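Next comes entry_28.txt, with compact mmCIF, N, CA and C atoms.
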```
# COMPACT_ATOMS: atom_id res chain seq x y z
N MET A 25 31.03 -11.60 12.19
CA MET A 25 29.76 -11.07 12.63
C MET A 25 30.00 -9.69 13.26
N TYR A 26 29.01 -8.84 13.08
CA TYR A 26 29.09 -7.47 13.56
C TYR A 26 27.89 -7.13 14.43
N LYS A 27 28.15 -6.32 15.44
CA LYS A 27 27.07 -5.79 16.27
C LYS A 27 26.88 -4.33 15.88
N LEU A 28 25.63 -3.95 15.60
CA LEU A 28 25.32 -2.57 15.25
C LEU A 28 25.26 -1.73 16.53
N LEU A 29 26.19 -0.77 16.65
CA LEU A 29 26.28 0.05 17.85
C LEU A 29 25.45 1.32 17.76
N SER A 30 25.43 1.94 16.58
CA SER A 30 24.67 3.18 16.44
C SER A 30 24.36 3.45 14.97
N ILE A 31 23.37 4.31 14.77
CA ILE A 31 22.97 4.75 13.44
C ILE A 31 22.88 6.27 13.47
N GLU A 32 23.59 6.91 12.55
CA GLU A 32 23.51 8.36 12.40
C GLU A 32 22.79 8.64 11.09
N GLU A 33 21.57 9.13 11.19
CA GLU A 33 20.70 9.35 10.02
C GLU A 33 20.97 10.72 9.40
N SER A 34 20.95 10.76 8.07
CA SER A 34 20.94 12.00 7.30
C SER A 34 19.66 12.00 6.49
N VAL A 35 19.52 12.94 5.58
CA VAL A 35 18.29 13.02 4.79
C VAL A 35 18.07 11.74 3.99
N ALA A 36 19.07 11.29 3.24
CA ALA A 36 18.90 10.12 2.39
C ALA A 36 19.91 9.01 2.66
N THR A 37 20.90 9.29 3.48
CA THR A 37 21.94 8.31 3.77
C THR A 37 22.09 8.19 5.29
N ARG A 38 22.97 7.30 5.69
CA ARG A 38 23.25 7.17 7.12
C ARG A 38 24.62 6.53 7.32
N ASN A 39 25.14 6.69 8.52
CA ASN A 39 26.39 6.07 8.93
C ASN A 39 26.07 5.04 10.00
N LEU A 40 26.62 3.86 9.82
CA LEU A 40 26.42 2.76 10.77
C LEU A 40 27.72 2.51 11.51
N GLU A 41 27.66 2.45 12.82
CA GLU A 41 28.82 2.11 13.63
C GLU A 41 28.71 0.63 13.97
N LEU A 42 29.64 -0.15 13.42
CA LEU A 42 29.61 -1.60 13.57
C LEU A 42 30.84 -2.09 14.34
N LYS A 43 30.63 -3.04 15.23
CA LYS A 43 31.73 -3.64 15.98
C LYS A 43 31.94 -5.06 15.48
N ASN A 44 33.15 -5.34 15.00
CA ASN A 44 33.52 -6.68 14.58
C ASN A 44 33.67 -7.53 15.84
N LEU A 45 32.87 -8.56 15.97
CA LEU A 45 32.88 -9.37 17.19
C LEU A 45 34.09 -10.28 17.28
N ASN A 46 34.81 -10.48 16.18
CA ASN A 46 36.02 -11.31 16.20
C ASN A 46 37.26 -10.50 16.59
N THR A 47 37.34 -9.26 16.12
CA THR A 47 38.56 -8.47 16.33
C THR A 47 38.34 -7.26 17.24
N ASN A 48 37.09 -6.95 17.57
CA ASN A 48 36.71 -5.78 18.35
C ASN A 48 36.97 -4.45 17.64
N THR A 49 37.22 -4.48 16.35
CA THR A 49 37.39 -3.26 15.57
C THR A 49 36.04 -2.57 15.41
N ILE A 50 36.04 -1.25 15.53
CA ILE A 50 34.85 -0.46 15.29
C ILE A 50 34.97 0.15 13.90
N ASP A 51 34.02 -0.14 13.03
CA ASP A 51 34.01 0.41 11.67
C ASP A 51 32.83 1.35 11.53
N LEU A 52 33.10 2.54 10.99
CA LEU A 52 32.04 3.49 10.66
C LEU A 52 31.77 3.31 9.17
N CYS A 53 30.58 2.83 8.83
CA CYS A 53 30.25 2.47 7.45
C CYS A 53 29.15 3.35 6.88
N PHE A 54 29.37 3.80 5.66
CA PHE A 54 28.40 4.60 4.93
C PHE A 54 27.33 3.68 4.33
N ASP A 55 26.08 4.08 4.44
CA ASP A 55 24.96 3.31 3.90
C ASP A 55 24.07 4.23 3.07
N ASP A 56 24.08 4.01 1.75
CA ASP A 56 23.21 4.78 0.87
C ASP A 56 22.24 3.87 0.10
N ALA A 57 22.04 2.66 0.58
CA ALA A 57 21.21 1.68 -0.12
C ALA A 57 19.77 2.14 -0.28
N ALA A 58 19.25 2.90 0.67
CA ALA A 58 17.86 3.36 0.61
C ALA A 58 17.65 4.40 -0.49
N VAL A 59 18.73 5.01 -0.98
CA VAL A 59 18.62 6.01 -2.04
C VAL A 59 18.19 5.37 -3.36
N THR A 60 18.63 4.15 -3.59
CA THR A 60 18.41 3.52 -4.90
C THR A 60 17.42 2.38 -4.90
N SER A 61 16.97 1.92 -3.73
CA SER A 61 16.08 0.76 -3.72
C SER A 61 15.27 0.68 -2.42
N PHE A 62 14.11 0.06 -2.54
CA PHE A 62 13.33 -0.24 -1.33
C PHE A 62 13.86 -1.50 -0.65
N LYS A 63 14.69 -2.26 -1.36
CA LYS A 63 15.36 -3.43 -0.79
C LYS A 63 16.72 -2.94 -0.27
N ASN A 64 16.75 -2.62 1.02
CA ASN A 64 17.95 -2.00 1.58
C ASN A 64 18.21 -2.52 2.99
N PHE A 65 18.98 -1.78 3.76
CA PHE A 65 19.41 -2.23 5.08
C PHE A 65 18.63 -1.56 6.22
N ASP A 66 17.47 -1.03 5.93
CA ASP A 66 16.66 -0.36 6.95
C ASP A 66 16.17 -1.31 8.05
N PHE A 67 16.26 -2.59 7.84
CA PHE A 67 15.83 -3.57 8.85
C PHE A 67 16.78 -3.66 10.04
N MET A 68 17.98 -3.10 9.90
CA MET A 68 18.98 -3.23 10.95
C MET A 68 18.56 -2.46 12.20
N GLU A 69 18.81 -3.06 13.37
CA GLU A 69 18.47 -2.45 14.65
C GLU A 69 19.69 -2.43 15.56
N ILE A 70 19.78 -1.37 16.34
CA ILE A 70 20.90 -1.21 17.27
C ILE A 70 20.94 -2.38 18.26
N ASN A 71 22.15 -2.83 18.54
CA ASN A 71 22.47 -3.94 19.46
C ASN A 71 22.17 -5.32 18.89
N GLU A 72 21.76 -5.39 17.64
CA GLU A 72 21.55 -6.69 16.99
C GLU A 72 22.83 -7.08 16.25
N ILE A 73 22.95 -8.38 15.94
CA ILE A 73 24.16 -8.92 15.30
C ILE A 73 23.84 -9.33 13.87
N TYR A 74 24.76 -8.97 12.95
CA TYR A 74 24.56 -9.21 11.53
C TYR A 74 25.84 -9.72 10.88
N ASP A 75 25.66 -10.44 9.80
CA ASP A 75 26.77 -10.86 8.95
C ASP A 75 26.92 -9.78 7.88
N CYS A 76 27.98 -8.98 7.99
CA CYS A 76 28.15 -7.82 7.10
C CYS A 76 29.40 -7.95 6.24
N LYS A 77 29.31 -7.35 5.06
CA LYS A 77 30.47 -7.22 4.18
C LYS A 77 30.69 -5.73 3.96
N ILE A 78 31.95 -5.31 4.11
CA ILE A 78 32.31 -3.90 4.05
C ILE A 78 33.28 -3.67 2.89
N TYR A 79 32.93 -2.69 2.06
CA TYR A 79 33.71 -2.32 0.88
C TYR A 79 34.58 -1.11 1.22
N LEU A 80 35.85 -1.16 0.82
CA LEU A 80 36.74 -0.03 1.00
C LEU A 80 36.72 0.81 -0.27
N PHE A 81 36.23 2.02 -0.17
CA PHE A 81 36.14 2.94 -1.29
C PHE A 81 37.46 3.69 -1.39
N GLY A 82 38.28 3.36 -2.39
CA GLY A 82 39.58 3.98 -2.50
C GLY A 82 40.35 3.45 -3.69
N GLU A 83 41.69 3.43 -3.54
CA GLU A 83 42.56 2.99 -4.63
C GLU A 83 43.90 2.53 -4.08
N LEU A 84 44.61 1.79 -4.93
CA LEU A 84 45.96 1.36 -4.56
C LEU A 84 46.85 2.58 -4.44
N ASP A 85 47.63 2.63 -3.37
CA ASP A 85 48.49 3.78 -3.11
C ASP A 85 49.54 3.35 -2.10
N ASP A 86 50.81 3.67 -2.39
CA ASP A 86 51.90 3.28 -1.49
C ASP A 86 51.73 3.85 -0.09
N ALA A 87 51.00 4.95 0.04
CA ALA A 87 50.78 5.56 1.35
C ALA A 87 49.59 4.94 2.09
N GLY A 88 48.94 3.98 1.47
CA GLY A 88 47.75 3.38 2.07
C GLY A 88 48.06 2.30 3.08
N GLU A 89 46.98 1.74 3.63
CA GLU A 89 47.09 0.69 4.63
C GLU A 89 47.58 -0.61 3.99
N ASN A 90 48.45 -1.32 4.68
CA ASN A 90 48.95 -2.59 4.18
C ASN A 90 47.88 -3.65 4.37
N LEU A 91 47.49 -4.29 3.28
CA LEU A 91 46.46 -5.33 3.30
C LEU A 91 47.00 -6.58 2.63
N LYS A 92 46.45 -7.71 3.02
CA LYS A 92 46.82 -8.98 2.40
C LYS A 92 45.66 -9.46 1.54
N TYR A 93 45.97 -9.81 0.30
CA TYR A 93 44.99 -10.36 -0.62
C TYR A 93 44.63 -11.77 -0.16
N ILE A 94 43.33 -12.07 -0.09
CA ILE A 94 42.89 -13.41 0.30
C ILE A 94 42.40 -14.19 -0.91
N LYS A 95 41.37 -13.65 -1.59
CA LYS A 95 40.83 -14.35 -2.76
C LYS A 95 39.87 -13.43 -3.49
N ASP A 96 39.54 -13.81 -4.71
CA ASP A 96 38.52 -13.11 -5.48
C ASP A 96 37.16 -13.70 -5.16
N VAL A 97 36.15 -12.83 -5.08
CA VAL A 97 34.80 -13.26 -4.75
C VAL A 97 33.81 -12.46 -5.59
N ALA A 98 32.59 -12.96 -5.68
CA ALA A 98 31.51 -12.23 -6.31
C ALA A 98 30.50 -11.87 -5.23
N ILE A 99 30.13 -10.61 -5.18
CA ILE A 99 29.05 -10.16 -4.30
C ILE A 99 28.02 -9.54 -5.23
N GLY A 100 26.86 -10.18 -5.28
CA GLY A 100 25.88 -9.78 -6.27
C GLY A 100 26.46 -10.01 -7.65
N SER A 101 26.47 -8.98 -8.48
CA SER A 101 27.01 -9.10 -9.83
C SER A 101 28.42 -8.54 -9.95
N ARG A 102 29.01 -8.11 -8.85
CA ARG A 102 30.33 -7.47 -8.88
C ARG A 102 31.43 -8.45 -8.50
N ASP A 103 32.52 -8.37 -9.24
CA ASP A 103 33.71 -9.15 -8.92
C ASP A 103 34.61 -8.30 -8.04
N LEU A 104 34.90 -8.81 -6.85
CA LEU A 104 35.70 -8.08 -5.87
C LEU A 104 36.84 -8.96 -5.39
N SER A 105 37.75 -8.34 -4.66
CA SER A 105 38.81 -9.09 -3.99
C SER A 105 38.63 -8.93 -2.49
N GLU A 106 38.75 -10.06 -1.81
CA GLU A 106 38.68 -10.06 -0.35
C GLU A 106 40.09 -9.82 0.17
N VAL A 107 40.21 -8.87 1.11
CA VAL A 107 41.51 -8.52 1.69
C VAL A 107 41.37 -8.45 3.20
N ALA A 108 42.49 -8.49 3.90
CA ALA A 108 42.47 -8.39 5.36
C ALA A 108 43.62 -7.53 5.83
N ASN A 109 43.38 -6.80 6.92
CA ASN A 109 44.47 -6.03 7.52
C ASN A 109 45.23 -6.92 8.52
N GLU A 110 46.24 -6.36 9.14
CA GLU A 110 47.08 -7.14 10.06
C GLU A 110 46.30 -7.66 11.26
N LYS A 111 45.23 -6.97 11.63
CA LYS A 111 44.42 -7.37 12.78
C LYS A 111 43.46 -8.52 12.43
N GLY A 112 43.26 -8.76 11.13
CA GLY A 112 42.36 -9.82 10.70
C GLY A 112 40.99 -9.35 10.26
N ASP A 113 40.80 -8.02 10.18
CA ASP A 113 39.53 -7.49 9.67
C ASP A 113 39.46 -7.73 8.17
N VAL A 114 38.35 -8.27 7.71
CA VAL A 114 38.17 -8.61 6.29
C VAL A 114 37.33 -7.53 5.62
N TYR A 115 37.81 -7.08 4.44
CA TYR A 115 37.13 -6.06 3.65
C TYR A 115 37.14 -6.48 2.19
N TYR A 116 36.48 -5.68 1.36
CA TYR A 116 36.37 -5.98 -0.07
C TYR A 116 36.76 -4.75 -0.87
N ILE A 117 37.49 -4.99 -1.98
CA ILE A 117 37.89 -3.92 -2.89
C ILE A 117 37.65 -4.39 -4.31
N ASP A 118 37.73 -3.45 -5.27
CA ASP A 118 37.52 -3.81 -6.67
C ASP A 118 38.57 -4.81 -7.13
N LYS A 119 38.14 -5.86 -7.79
CA LYS A 119 39.05 -6.90 -8.28
C LYS A 119 40.02 -6.36 -9.32
N ILE A 120 39.55 -5.60 -10.23
CA ILE A 120 40.38 -5.12 -11.33
C ILE A 120 41.56 -4.32 -10.83
N SER A 121 41.36 -3.49 -9.83
CA SER A 121 42.44 -2.63 -9.34
C SER A 121 43.53 -3.42 -8.63
N VAL A 122 43.25 -4.61 -8.20
CA VAL A 122 44.20 -5.39 -7.41
C VAL A 122 45.03 -6.35 -8.25
N SER A 123 44.45 -6.96 -9.24
CA SER A 123 45.05 -8.10 -9.94
C SER A 123 46.48 -7.88 -10.42
N LYS A 124 46.81 -6.73 -10.93
CA LYS A 124 48.16 -6.53 -11.46
C LYS A 124 49.15 -5.96 -10.47
N PHE A 125 48.72 -5.72 -9.23
CA PHE A 125 49.59 -5.07 -8.26
C PHE A 125 49.96 -5.95 -7.07
N ILE A 126 49.45 -7.15 -7.01
CA ILE A 126 49.74 -8.03 -5.88
C ILE A 126 51.16 -8.58 -6.04
N ASN A 127 51.95 -8.50 -4.96
CA ASN A 127 53.30 -9.04 -5.02
C ASN A 127 53.30 -10.50 -4.55
N ALA A 128 54.45 -11.11 -4.49
CA ALA A 128 54.55 -12.54 -4.16
C ALA A 128 54.00 -12.85 -2.77
N GLU A 129 54.06 -11.90 -1.86
CA GLU A 129 53.54 -12.10 -0.50
C GLU A 129 52.04 -11.82 -0.42
N LYS A 130 51.45 -11.51 -1.55
CA LYS A 130 50.02 -11.17 -1.64
C LYS A 130 49.69 -9.94 -0.80
N ALA A 131 50.63 -9.03 -0.69
CA ALA A 131 50.41 -7.80 0.06
C ALA A 131 50.22 -6.64 -0.90
N LEU A 132 49.44 -5.66 -0.46
CA LEU A 132 49.22 -4.46 -1.25
C LEU A 132 48.93 -3.31 -0.31
N ASN A 133 49.12 -2.11 -0.79
CA ASN A 133 48.79 -0.92 -0.01
C ASN A 133 47.58 -0.28 -0.65
N TYR A 134 46.58 0.00 0.17
CA TYR A 134 45.32 0.52 -0.32
C TYR A 134 44.90 1.71 0.52
N LYS A 135 44.69 2.83 -0.15
CA LYS A 135 44.26 4.05 0.54
C LYS A 135 42.77 4.25 0.29
N TYR A 136 42.00 4.25 1.36
CA TYR A 136 40.55 4.41 1.22
C TYR A 136 40.07 5.64 1.97
N THR A 137 38.98 6.19 1.46
CA THR A 137 38.42 7.39 2.07
C THR A 137 37.12 7.09 2.80
N ARG A 138 36.58 5.90 2.55
CA ARG A 138 35.28 5.57 3.15
C ARG A 138 35.10 4.06 3.18
N LYS A 139 34.34 3.59 4.16
CA LYS A 139 33.93 2.19 4.23
C LYS A 139 32.43 2.16 3.95
N ASP A 140 32.04 1.35 2.97
CA ASP A 140 30.63 1.24 2.58
C ASP A 140 30.10 -0.13 2.96
N ILE A 141 28.90 -0.17 3.47
CA ILE A 141 28.25 -1.45 3.75
C ILE A 141 27.66 -1.95 2.43
N ILE A 142 28.03 -3.17 2.02
CA ILE A 142 27.56 -3.67 0.72
C ILE A 142 26.72 -4.93 0.84
N GLN A 143 26.74 -5.58 1.98
CA GLN A 143 25.88 -6.74 2.19
C GLN A 143 25.63 -6.92 3.68
N VAL A 144 24.38 -7.20 4.02
CA VAL A 144 23.99 -7.51 5.39
C VAL A 144 23.16 -8.77 5.32
N ASN A 145 23.63 -9.81 6.01
CA ASN A 145 23.01 -11.14 5.92
C ASN A 145 22.90 -11.51 4.44
N ASN A 146 21.72 -11.76 3.92
CA ASN A 146 21.59 -12.12 2.50
C ASN A 146 21.14 -10.97 1.62
N VAL A 147 21.08 -9.77 2.15
CA VAL A 147 20.65 -8.60 1.38
C VAL A 147 21.89 -7.90 0.82
N VAL A 148 21.93 -7.76 -0.50
CA VAL A 148 23.04 -7.12 -1.18
C VAL A 148 22.66 -5.69 -1.55
N HIS A 149 23.61 -4.78 -1.40
CA HIS A 149 23.38 -3.39 -1.77
C HIS A 149 22.91 -3.32 -3.23
N PRO A 150 21.92 -2.48 -3.54
CA PRO A 150 21.38 -2.40 -4.90
C PRO A 150 22.41 -2.11 -5.97
N ASP A 151 23.46 -1.34 -5.67
CA ASP A 151 24.51 -1.06 -6.65
C ASP A 151 25.34 -2.29 -6.99
N PHE A 152 25.24 -3.33 -6.20
CA PHE A 152 26.03 -4.54 -6.41
C PHE A 152 25.20 -5.67 -7.00
N GLU A 153 23.90 -5.45 -7.20
CA GLU A 153 23.04 -6.51 -7.77
C GLU A 153 23.21 -6.61 -9.26
```
What's the structure tokens form of this structure?
Amino acid sequence: MYKLLSIEESVATRNLELKNLNTNTIDLCFDDAAVTSFKNFDFMEINEIYDCKIYLFGELDDAGENLKYIKDVAIGSRDLSEVANEKGDVYYIDKISVSKFINAEKALNYKYTRKDIIQVNNVVHPDFE
């Protein structure tokens, strides 16, 4: 579960500052759901708590963060892989990019440039439907 700490609005997008209530990690997440659909995350309010899924926008790279593969999942119509960092924060990455690179310890290095919000409670980002 995440607590929404702040919203930074732009013309068509926004950045959400979310606090993971289990690990106390602060994630700055990009939200562009309102660009493509009226079914988006505009219902979110500061200081409220939500069940969120965060996508790491990036690629496998030896210089990236060490993550542990957990399992494959479907969010909307997209097949993703659930991964976690050493602190226990759970994120999602493209399934295809992971499948052939996981070693016996289920560890991988992933370099990301952005964290995207892809699901809040039961609302899925339009790009993932």
* To do: Figure out the distance between CA of Tyr74 in chain A and CA of Cys53 in chain A, please, to one decimal in Å.
  =>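 Value for the CA of Cys53 in chain A-CA of Tyr74 in chain A distance: 13.6 Å.
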* **Which residue of A:Phe65, A:Val97, A:Asn109, A:Ile31 approaches Thr49 in chain A most closely, using only C-alpha atoms** => A:Asn109
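Straight-line separation from CA of Asp103 in chain A to CA of Lys119 in chain A: 5.8 Å.
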* To do: Take atom C of Ile141 in chain A and atom C of Asp56 in chain A and report the distance between them in Å, one decimal.
  =>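 Between atom C of Ile141 in chain A and atom C of Asp56 in chain A the gap works out to 8.3 Å.
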* Using only C-alpha atoms, which residue out of A:Gly112, A:Lys92, A:Phe152, A:Gly100 lies closest to Glu129 in chain A? ->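 Smallest separation from Glu129 in chain A among the options: A:Lys92.
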* Expected residue set, 6 Å radius at (27.4, -3.3, -3.6), all atoms listed in the file, as a PyMOL selection string -> chain A and resi 142+148-153
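For the residues A:Tyr134, A:Thr60, A:Tyr116, A:Tyr26, ranking by smallest atom-to-atom distance to Leu84 in chain A using all atoms listed in the file places A:Tyr134 first.
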* **Surrounding residues of Lys27 in chain A excluding itself and chain neighbours under 2 positions, 6.5 Å, all atoms listed in the file, as a VMD selection string** => chain A and resid 25 29 to 30 41 to 45 71 to 74
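Minimum distance to Leu80 in chain A across A:Ala131, A:Met68, A:Ile94, A:Ile117 (counting all atoms listed in the file) occurs at A:Ile117.
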Would you compute an axis-aligned box for range 44-52 of chain A, covering every atom listed for it in the file with 5 Å of margin on each side, and report centre and edge lengths in Å to one decimal as AutoDock Vina command-line options?
```
--center_x 35.2 --center_y -3.9 --center_z 13.8 --size_x 16.8 --size_y 24.8 --size_z 19.2
```
* Closest to Leu91 in chain A among A:Glu110, A:Glu69, A:Asp55, A:Glu32, using all atoms listed in the file? -> A:Glu110
* To do: Identify all residues of chain A in strand (DSSP E or B) (DSSP on the backbone) and supply them as a PyMOL selection string.
  => chain A and resi 26-33+38-44+50-55+73-74+76-99+102-108+114-118+131-144+147-148
* Asked: Out of chain A, which residues get helix (DSSP H, G or I) from DSSP, as a VMD selection string?
  -> chain A and resid 57 to 60 119 to 123 150 to 152
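Using only C-alpha atoms, the smallest distance between any of A:Glu106, A:Ile120, A:Leu28, A:Phe81 and Phe67 in chain A comes from A:Leu28.
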